[in-house]
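Right, one structure below, let's go through it.
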Amino acid sequence: MANDQENKLWGGRFTESTDAFVEAFTASVQFDHRLATHDITGSIAHSRMLAKVGVLTSEESDTIINGLGDILADIEMGQFEWSIALEDVHMNIEAKLTEKIGSVGKKLHTGRSRNDQVATDIRLYLREEIDTICQQITELSKGLLQQAKQENDTIMPGFTHLQTAQPVTFGHHMMAWFEMLQRDYDRFQDCRKRVNQMPLGAAALAGTTFPIDRAYSADLLGFDQPCLNSLDAVSDRDFAIEFTSAASILMMHLSRFSEELVLWASAQFNFIDIPDRFCTGSSIMPQKKNPDVPELVRGKSARVIGSLNTLLILMKSQPLAYNKDNQEDKEPLFDTVDTVQGCLRAYNGMVPALKPNRDALRKAAFQGYSTATDLADYLVKKGIPFRDAHEIVGKSVAYGIEQNKDLSELSLPEIKHFCDVIEQDVFDVLTLQGSVSARDHLGGTAPRQVLIAIENAEKMLAKRL
Ligand code: ARG
């Protein structure tokens with residue numbers, strides 16, 4: 001990056017040159033050059049609009065648009081030299097335009113300001129990144145559906161308080177993650193509506209004296225509509241806060257999946273195998289295979305939640321309209337996009353490749369008296385009030401613990417001892433299979449319901465793309 005003292009585009013009223021440190025301190029091109037393609041897209045639309053309303057001739061506009069096209073090609077080939085002296089992406093591109101096409105390049109900035117320009121660029125950028133994230137979420141959703149389908153009747157322990165509670169199916173567990181992701185998808189889609197509004201035309205803060213056609217620019221850029229108040233348009237970054245908030249909630253969900261995968265991959269649980277290509281070893285302990293991908297995703301949720309915090313505090317108490325504070329919005333936003341996309345990419349590789357260990361899952365479900373509620377429900381169906389049934393089962397469990405037997409391993413006389421309404425048919429409900437199959441209603445864990453949920457989910461995803 002060059003640091004020569006080029007002439008500043010705003011230098012007219014200044015009598016001394018900028019302090020070298022201040023120049024670097026106030027510059028943003030080191031990071032906002034990432035907005036370059038969107039900046040050029042916005043400038044092309046602006047130039048077209050200026051020609052439409054007669055502020056530029058169509059020859060001038062064409063010259064500008066061709067020049068911008070050349071600059072885009074230079075940038076894409078890595079042949080554009082960014083200059084800190086030119087402060088930001090906007091002035092770097094504008095200065096290069098004039099260098100390439102002569103003084104007609106100086107007309108591009110008519111009727112706009114960097115304030116509406118940058119707000120437009122960020123929205124164009126974010127709209128594109130939201131679309132990528134939504135596609136990645138859909139792909140991950142499909143990976144979960146695949147696992148759910150394969151394991152729709154694989155029995156595992158369901159937990160509350162991380163203590164064995166009731167048996168569930170692995171498919172049902174995958175579909176719980178699936179549901180969380182659909183809400184994340186909806187949140188991003190909803191946020192996209194408010195991202196897709198166009199600040200361009202707000203100029204510095206009050207609008208412009210030129211007869212601009214904002215609806216035309218919005219149309220060219222694919223925005224739903226122009227922002228309706230110029231002061232608001234250049235100042236608020238609530239759309240970025242909303243995005244980072246949706247991203248934080250998604251990362252919170254991924255951190256929960258991650259935590260479970262880390263636990264499940266441990267020797268103590270042994271519920272799943274994470275293929276080697278998603279794990280790493282230890283430099284000292286030769287036996288180790290560490291679940292690095294889920295651990296890192298769990299850890300990376302911290303930086304996204306941190307960015308949400310940064311953006312909220314950045315915006316808080318800012319008076320209208322634009323303030324330089326807002327230059328600080330970019331790094332947390334870019335980092336959020338990179339982090340979320342990276343985590344989703346890693347998950348998209350890993351989730352379909354996870355190998356559930358069916359025997360270990362079933363064995364674990366068999367421990368911890370996971371069918372105790374089924375016994376209580378059985379007694380209620382035979383006319384015992386639920387509170388009494390709860391007490392009876394509690395005593396049976398205590399007896400089972402003493403005998404080191406599961407409820408299903410007790411003999412009929414042993415179990416009848418606690419309540420004489422119990423008959424042979426009790427063993428149908430005490431088995432793991434009986435327990436899960438009995439929860440056969442909308443949202444329940446029965447394999448039949450899991451298959452219905454998968455089918456509905458597949459129909460829903462088919463409509464999406
Ligand atoms: N680099 C600035 C930003 O990111 C662009 C807008 C600057 N506007 C200004 N009047 N200084 O916010």
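Numbering starts fresh at 1 for the residues of each chain in the structure tokens, the chains themselves are lettered A, B, ... in the order given, and ligands are numbered from 1 as they appear.
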Within-8 Å residues of ligand 1, basis only C-alpha atoms and all ligand atoms, as a CSV table (one decimal) with N, CA, C and O atoms, in the first residue's frame:
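This went into part_20.csv:
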```
chain,number,residue,atom,x,y,z
A,27,ALA,N,-7.4,6.7,8.1
A,27,ALA,CA,-7.7,5.9,6.9
A,27,ALA,C,-8.5,4.7,7.2
A,27,ALA,O,-8.4,4.1,8.2
A,28,SER,N,-9.2,4.2,6.2
A,28,SER,CA,-10.0,2.9,6.3
A,28,SER,C,-9.7,2.0,5.1
A,28,SER,O,-10.2,0.9,5.1
A,29,VAL,N,-8.9,2.5,4.2
A,29,VAL,CA,-8.7,1.7,2.9
A,29,VAL,C,-8.1,0.3,3.2
A,29,VAL,O,-8.4,-0.7,2.5
A,32,ASP,N,-11.5,-1.3,4.1
A,32,ASP,CA,-12.7,-1.1,3.3
A,32,ASP,C,-12.5,-1.3,1.8
A,32,ASP,O,-13.5,-1.3,1.1
A,87,GLU,N,-7.1,7.7,1.7
A,87,GLU,CA,-8.0,7.5,2.9
A,87,GLU,C,-8.9,6.2,2.8
A,87,GLU,O,-8.8,5.3,3.6
A,88,ASP,N,-9.7,6.2,1.8
A,88,ASP,CA,-10.7,5.1,1.8
A,88,ASP,C,-10.9,4.5,0.4
A,88,ASP,O,-10.4,5.1,-0.6
A,89,VAL,N,-11.7,3.5,0.3
A,89,VAL,CA,-12.0,2.8,-0.9
A,89,VAL,C,-12.6,3.8,-1.9
A,89,VAL,O,-12.3,3.8,-3.1
A,90,HIS,N,-13.5,4.7,-1.4
A,90,HIS,CA,-14.2,5.5,-2.3
A,90,HIS,C,-13.3,6.5,-3.0
A,90,HIS,O,-13.4,6.7,-4.2
A,113,SER,N,-22.4,12.0,-1.7
A,113,SER,CA,-21.4,12.2,-0.7
A,113,SER,C,-20.8,10.8,-0.3
A,113,SER,O,-21.5,9.8,-0.6
A,114,ARG,N,-19.7,10.8,0.3
A,114,ARG,CA,-19.2,9.5,0.8
A,114,ARG,C,-20.1,8.9,1.8
A,114,ARG,O,-20.1,7.7,2.1
A,115,ASN,N,-20.9,9.8,2.4
A,115,ASN,CA,-21.8,9.3,3.5
A,115,ASN,C,-22.9,8.4,3.0
A,115,ASN,O,-23.2,7.3,3.5
A,116,ASP,N,-23.6,8.8,1.9
A,116,ASP,CA,-24.6,7.9,1.3
A,116,ASP,C,-23.9,6.8,0.5
A,116,ASP,O,-24.4,5.7,0.4
A,117,GLN,N,-22.7,7.1,0.0
A,117,GLN,CA,-22.0,6.1,-0.8
A,117,GLN,C,-21.6,4.9,0.1
A,117,GLN,O,-21.9,3.7,-0.3
A,118,VAL,N,-21.0,5.2,1.2
A,118,VAL,CA,-20.5,4.1,2.1
A,118,VAL,C,-21.7,3.3,2.6
A,118,VAL,O,-21.7,2.0,2.7
A,119,ALA,N,-22.8,4.0,3.0
A,119,ALA,CA,-23.9,3.3,3.6
A,119,ALA,C,-24.5,2.3,2.5
A,119,ALA,O,-25.0,1.2,2.8
A,204,ALA,N,-24.8,14.1,1.7
A,204,ALA,CA,-24.0,14.2,3.0
A,204,ALA,C,-25.0,13.9,4.2
A,204,ALA,O,-24.7,13.2,5.1
A,322,TYR,N,-24.3,11.5,10.0
A,322,TYR,CA,-23.1,10.7,9.9
A,322,TYR,C,-22.1,11.2,10.9
A,322,TYR,O,-21.8,12.4,11.0
A,323,ASN,N,-21.4,10.3,11.5
A,323,ASN,CA,-20.2,10.6,12.3
A,323,ASN,C,-19.1,9.6,11.9
A,323,ASN,O,-19.4,8.4,11.5
A,324,LYS,N,-17.9,10.0,12.0
A,324,LYS,CA,-16.7,9.2,11.6
A,324,LYS,C,-16.7,7.9,12.5
A,324,LYS,O,-16.1,6.9,12.0
A,325,ASP,N,-17.3,7.9,13.6
A,325,ASP,CA,-17.4,6.7,14.4
A,325,ASP,C,-17.8,5.5,13.5
A,325,ASP,O,-17.4,4.4,13.7
A,326,ASN,N,-18.7,5.8,12.6
A,326,ASN,CA,-19.3,4.7,11.8
A,326,ASN,C,-18.3,4.0,10.9
A,326,ASN,O,-18.6,2.9,10.4
A,327,GLN,N,-17.1,4.6,10.7
A,327,GLN,CA,-16.1,3.9,10.0
A,327,GLN,C,-15.7,2.6,10.7
A,327,GLN,O,-15.2,1.7,10.1
A,328,GLU,N,-15.9,2.6,12.0
A,328,GLU,CA,-15.6,1.5,12.9
A,328,GLU,C,-16.6,0.3,12.7
A,328,GLU,O,-16.5,-0.7,13.4
A,329,ASP,N,-17.6,0.5,11.9
A,329,ASP,CA,-18.6,-0.6,11.7
A,329,ASP,C,-18.0,-1.8,10.9
A,329,ASP,O,-18.5,-2.9,11.0
A,330,LYS,N,-17.0,-1.5,10.0
A,330,LYS,CA,-16.7,-2.4,9.0
A,330,LYS,C,-15.9,-3.7,9.5
A,330,LYS,O,-16.3,-4.8,9.2
```
Notebook entry, point to check: Skipping near chain neighbours, those fewer than 5 positions away, what residues fall within 8 Å of region 157-167 of chain A using only C-alpha atoms, listed as a count of residues only?
Noted result: 15
Checklist line | Residue set, region 138-215 of chain A restricted to strand (DSSP E), as a PyMOL selection string | finding: chain A and resi 155-160+163-169+197-198
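Comparing the minimum interatomic distances between Arg123 (chain A) and each of A:Met198, A:Val426, A:Val393, A:Leu344, counting only C-alpha atoms, we find that A:Met198 sits nearest.
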Do you know which residues are at most 12 Å from region 298-312 of chain A counting only C-alpha atoms, after dropping those on the same chain fewer than 6 positions away, and could you put them as a short mmCIF file (atom, residue, chain, number, x, y, z; two decimals) with N, CA, C and O atoms, in the first residue's frame?
```
data_model
loop_
_atom_site.label_atom_id
_atom_site.label_comp_id
_atom_site.auth_asym_id
_atom_site.auth_seq_id
_atom_site.Cartn_x
_atom_site.Cartn_y
_atom_site.Cartn_z
N ASP A 236 -27.78 5.64 10.40
CA ASP A 236 -28.05 4.44 11.20
C ASP A 236 -27.38 3.20 10.61
O ASP A 236 -27.32 3.02 9.40
N ARG A 237 -26.88 2.39 11.51
CA ARG A 237 -26.33 1.08 11.11
C ARG A 237 -27.13 -0.03 11.79
O ARG A 237 -26.60 -1.10 12.06
N ASP A 238 -28.39 0.25 12.06
CA ASP A 238 -29.19 -0.78 12.75
C ASP A 238 -29.30 -2.06 11.92
O ASP A 238 -29.37 -3.16 12.46
N PHE A 239 -29.26 -1.92 10.60
CA PHE A 239 -29.34 -3.12 9.74
C PHE A 239 -28.13 -4.02 9.97
O PHE A 239 -28.24 -5.25 9.93
N ALA A 240 -26.97 -3.40 10.23
CA ALA A 240 -25.77 -4.20 10.49
C ALA A 240 -25.84 -4.83 11.88
O ALA A 240 -25.38 -5.96 12.09
N ILE A 241 -26.45 -4.10 12.79
CA ILE A 241 -26.62 -4.64 14.15
C ILE A 241 -27.59 -5.83 14.10
O ILE A 241 -27.36 -6.87 14.73
N GLU A 242 -28.63 -5.67 13.32
CA GLU A 242 -29.61 -6.75 13.18
C GLU A 242 -28.96 -7.99 12.57
O GLU A 242 -29.19 -9.12 13.03
N PHE A 243 -28.15 -7.75 11.56
CA PHE A 243 -27.45 -8.87 10.92
C PHE A 243 -26.55 -9.58 11.94
O PHE A 243 -26.56 -10.81 12.05
N THR A 244 -25.79 -8.80 12.69
CA THR A 244 -24.85 -9.39 13.64
C THR A 244 -25.60 -10.07 14.78
O THR A 244 -25.12 -11.06 15.35
N SER A 245 -26.79 -9.57 15.04
CA SER A 245 -27.62 -10.21 16.06
C SER A 245 -28.12 -11.58 15.56
O SER A 245 -28.03 -12.58 16.28
N ALA A 246 -28.60 -11.62 14.31
CA ALA A 246 -29.00 -12.91 13.74
C ALA A 246 -27.80 -13.86 13.70
O ALA A 246 -27.91 -15.05 13.98
N ALA A 247 -26.63 -13.29 13.38
CA ALA A 247 -25.41 -14.11 13.32
C ALA A 247 -25.04 -14.62 14.71
O ALA A 247 -24.60 -15.78 14.85
N SER A 248 -25.22 -13.79 15.71
CA SER A 248 -24.89 -14.21 17.09
C SER A 248 -25.80 -15.35 17.53
O SER A 248 -25.35 -16.30 18.19
N ILE A 249 -27.07 -15.25 17.18
CA ILE A 249 -28.01 -16.31 17.58
C ILE A 249 -27.66 -17.61 16.84
O ILE A 249 -27.64 -18.69 17.43
N LEU A 250 -27.33 -17.48 15.56
CA LEU A 250 -26.89 -18.67 14.81
C LEU A 250 -25.65 -19.28 15.46
O LEU A 250 -25.58 -20.50 15.66
N MET A 251 -24.68 -18.44 15.80
CA MET A 251 -23.44 -18.95 16.41
C MET A 251 -23.71 -19.56 17.78
O MET A 251 -23.07 -20.53 18.17
N MET A 252 -24.68 -18.98 18.50
CA MET A 252 -25.07 -19.56 19.80
C MET A 252 -25.60 -20.98 19.55
O MET A 252 -25.25 -21.92 20.27
N HIS A 253 -26.41 -21.14 18.50
CA HIS A 253 -26.91 -22.48 18.18
C HIS A 253 -25.76 -23.41 17.80
O HIS A 253 -25.66 -24.53 18.29
N LEU A 254 -24.87 -22.91 16.94
CA LEU A 254 -23.74 -23.77 16.53
C LEU A 254 -22.88 -24.14 17.73
O LEU A 254 -22.32 -25.23 17.79
N SER A 255 -22.78 -23.22 18.69
CA SER A 255 -21.97 -23.54 19.87
C SER A 255 -22.64 -24.64 20.70
O SER A 255 -21.96 -25.45 21.33
N ARG A 256 -23.96 -24.66 20.67
CA ARG A 256 -24.67 -25.74 21.39
C ARG A 256 -24.46 -27.09 20.68
O ARG A 256 -24.20 -28.10 21.33
N PHE A 257 -24.59 -27.07 19.36
CA PHE A 257 -24.34 -28.34 18.63
C PHE A 257 -22.91 -28.80 18.94
O PHE A 257 -22.65 -29.98 19.16
N SER A 258 -22.01 -27.80 18.92
CA SER A 258 -20.59 -28.12 19.10
C SER A 258 -20.34 -28.77 20.45
O SER A 258 -19.61 -29.76 20.55
N GLU A 259 -20.94 -28.16 21.45
CA GLU A 259 -20.75 -28.69 22.80
C GLU A 259 -21.21 -30.15 22.87
O GLU A 259 -20.55 -31.00 23.45
N GLU A 260 -22.35 -30.44 22.22
CA GLU A 260 -22.84 -31.82 22.25
C GLU A 260 -21.90 -32.74 21.49
O GLU A 260 -21.61 -33.85 21.93
N LEU A 261 -21.40 -32.26 20.35
CA LEU A 261 -20.49 -33.11 19.57
C LEU A 261 -19.22 -33.40 20.35
O LEU A 261 -18.69 -34.52 20.31
N VAL A 262 -18.72 -32.39 21.04
CA VAL A 262 -17.50 -32.58 21.84
C VAL A 262 -17.75 -33.65 22.92
O VAL A 262 -16.95 -34.58 23.10
N PRO A 291 -11.58 -33.16 18.91
CA PRO A 291 -12.67 -32.65 18.05
C PRO A 291 -12.51 -31.15 17.81
O PRO A 291 -13.34 -30.35 18.21
N ASP A 292 -11.44 -30.78 17.13
CA ASP A 292 -11.10 -29.36 16.98
C ASP A 292 -12.17 -28.53 16.29
O ASP A 292 -12.39 -27.37 16.65
N GLN A 318 -24.94 8.05 19.33
CA GLN A 318 -24.45 8.89 18.22
C GLN A 318 -25.54 9.88 17.81
O GLN A 318 -26.64 9.49 17.46
N ASP A 325 -17.33 7.93 13.62
CA ASP A 325 -17.42 6.69 14.42
C ASP A 325 -17.82 5.51 13.52
O ASP A 325 -17.35 4.39 13.71
N ASN A 326 -18.72 5.81 12.59
CA ASN A 326 -19.30 4.73 11.78
C ASN A 326 -18.28 4.02 10.89
O ASN A 326 -18.57 2.94 10.38
N GLN A 327 -17.12 4.62 10.72
CA GLN A 327 -16.07 3.91 9.97
C GLN A 327 -15.67 2.63 10.71
O GLN A 327 -15.17 1.69 10.10
N GLU A 328 -15.92 2.63 12.02
CA GLU A 328 -15.58 1.46 12.85
C GLU A 328 -16.57 0.31 12.70
O GLU A 328 -16.46 -0.70 13.38
N ASP A 329 -17.58 0.49 11.86
CA ASP A 329 -18.56 -0.60 11.71
C ASP A 329 -18.02 -1.75 10.87
O ASP A 329 -18.49 -2.88 10.97
N LYS A 330 -17.02 -1.46 10.03
CA LYS A 330 -16.66 -2.44 9.00
C LYS A 330 -15.94 -3.67 9.52
O LYS A 330 -16.29 -4.80 9.15
N GLU A 331 -14.94 -3.46 10.34
CA GLU A 331 -14.15 -4.63 10.77
C GLU A 331 -14.98 -5.66 11.54
O GLU A 331 -14.93 -6.86 11.21
N PRO A 332 -15.81 -5.22 12.53
CA PRO A 332 -16.65 -6.24 13.17
C PRO A 332 -17.62 -6.92 12.21
O PRO A 332 -17.90 -8.12 12.34
N LEU A 333 -18.11 -6.12 11.24
CA LEU A 333 -19.06 -6.70 10.29
C LEU A 333 -18.37 -7.72 9.38
O LEU A 333 -18.87 -8.83 9.18
N PHE A 334 -17.22 -7.36 8.85
CA PHE A 334 -16.48 -8.28 7.98
C PHE A 334 -16.09 -9.54 8.76
O PHE A 334 -16.19 -10.66 8.25
N ASP A 335 -15.66 -9.34 9.98
CA ASP A 335 -15.23 -10.48 10.77
C ASP A 335 -16.41 -11.41 11.07
O ASP A 335 -16.26 -12.64 11.07
N THR A 336 -17.57 -10.81 11.29
CA THR A 336 -18.77 -11.63 11.54
C THR A 336 -19.10 -12.47 10.31
O THR A 336 -19.35 -13.68 10.42
N VAL A 337 -19.07 -11.82 9.15
CA VAL A 337 -19.38 -12.55 7.91
C VAL A 337 -18.37 -13.70 7.71
O VAL A 337 -18.75 -14.84 7.46
N ASP A 338 -17.09 -13.40 7.86
CA ASP A 338 -16.06 -14.43 7.65
C ASP A 338 -16.21 -15.58 8.65
O ASP A 338 -16.08 -16.75 8.29
N THR A 339 -16.46 -15.22 9.89
CA THR A 339 -16.55 -16.24 10.93
C THR A 339 -17.76 -17.14 10.70
O THR A 339 -17.65 -18.37 10.73
N VAL A 340 -18.90 -16.53 10.45
CA VAL A 340 -20.12 -17.32 10.25
C VAL A 340 -19.97 -18.22 9.02
O VAL A 340 -20.28 -19.42 9.06
N GLN A 341 -19.48 -17.65 7.94
CA GLN A 341 -19.35 -18.46 6.72
C GLN A 341 -18.34 -19.59 6.91
O GLN A 341 -18.54 -20.71 6.43
N GLY A 342 -17.27 -19.31 7.62
CA GLY A 342 -16.26 -20.34 7.87
C GLY A 342 -16.83 -21.47 8.72
O GLY A 342 -16.62 -22.66 8.44
N CYS A 343 -17.57 -21.09 9.77
CA CYS A 343 -18.13 -22.11 10.66
C CYS A 343 -19.16 -22.97 9.92
O CYS A 343 -19.19 -24.19 10.08
N LEU A 344 -19.99 -22.31 9.10
CA LEU A 344 -21.00 -23.08 8.36
C LEU A 344 -20.32 -24.01 7.36
O LEU A 344 -20.75 -25.15 7.16
N TYR A 347 -19.03 -26.98 9.23
CA TYR A 347 -20.14 -27.84 9.63
C TYR A 347 -20.75 -28.58 8.45
O TYR A 347 -21.17 -29.72 8.57
#
```
Item checked: Nearby residues (only C-alpha atoms) at most 10 Å from Pro385 (chain A), same-chain spacing under 6 positions excluded, as a list in words -> Ala376, Asp377 and Leu379 of chain A
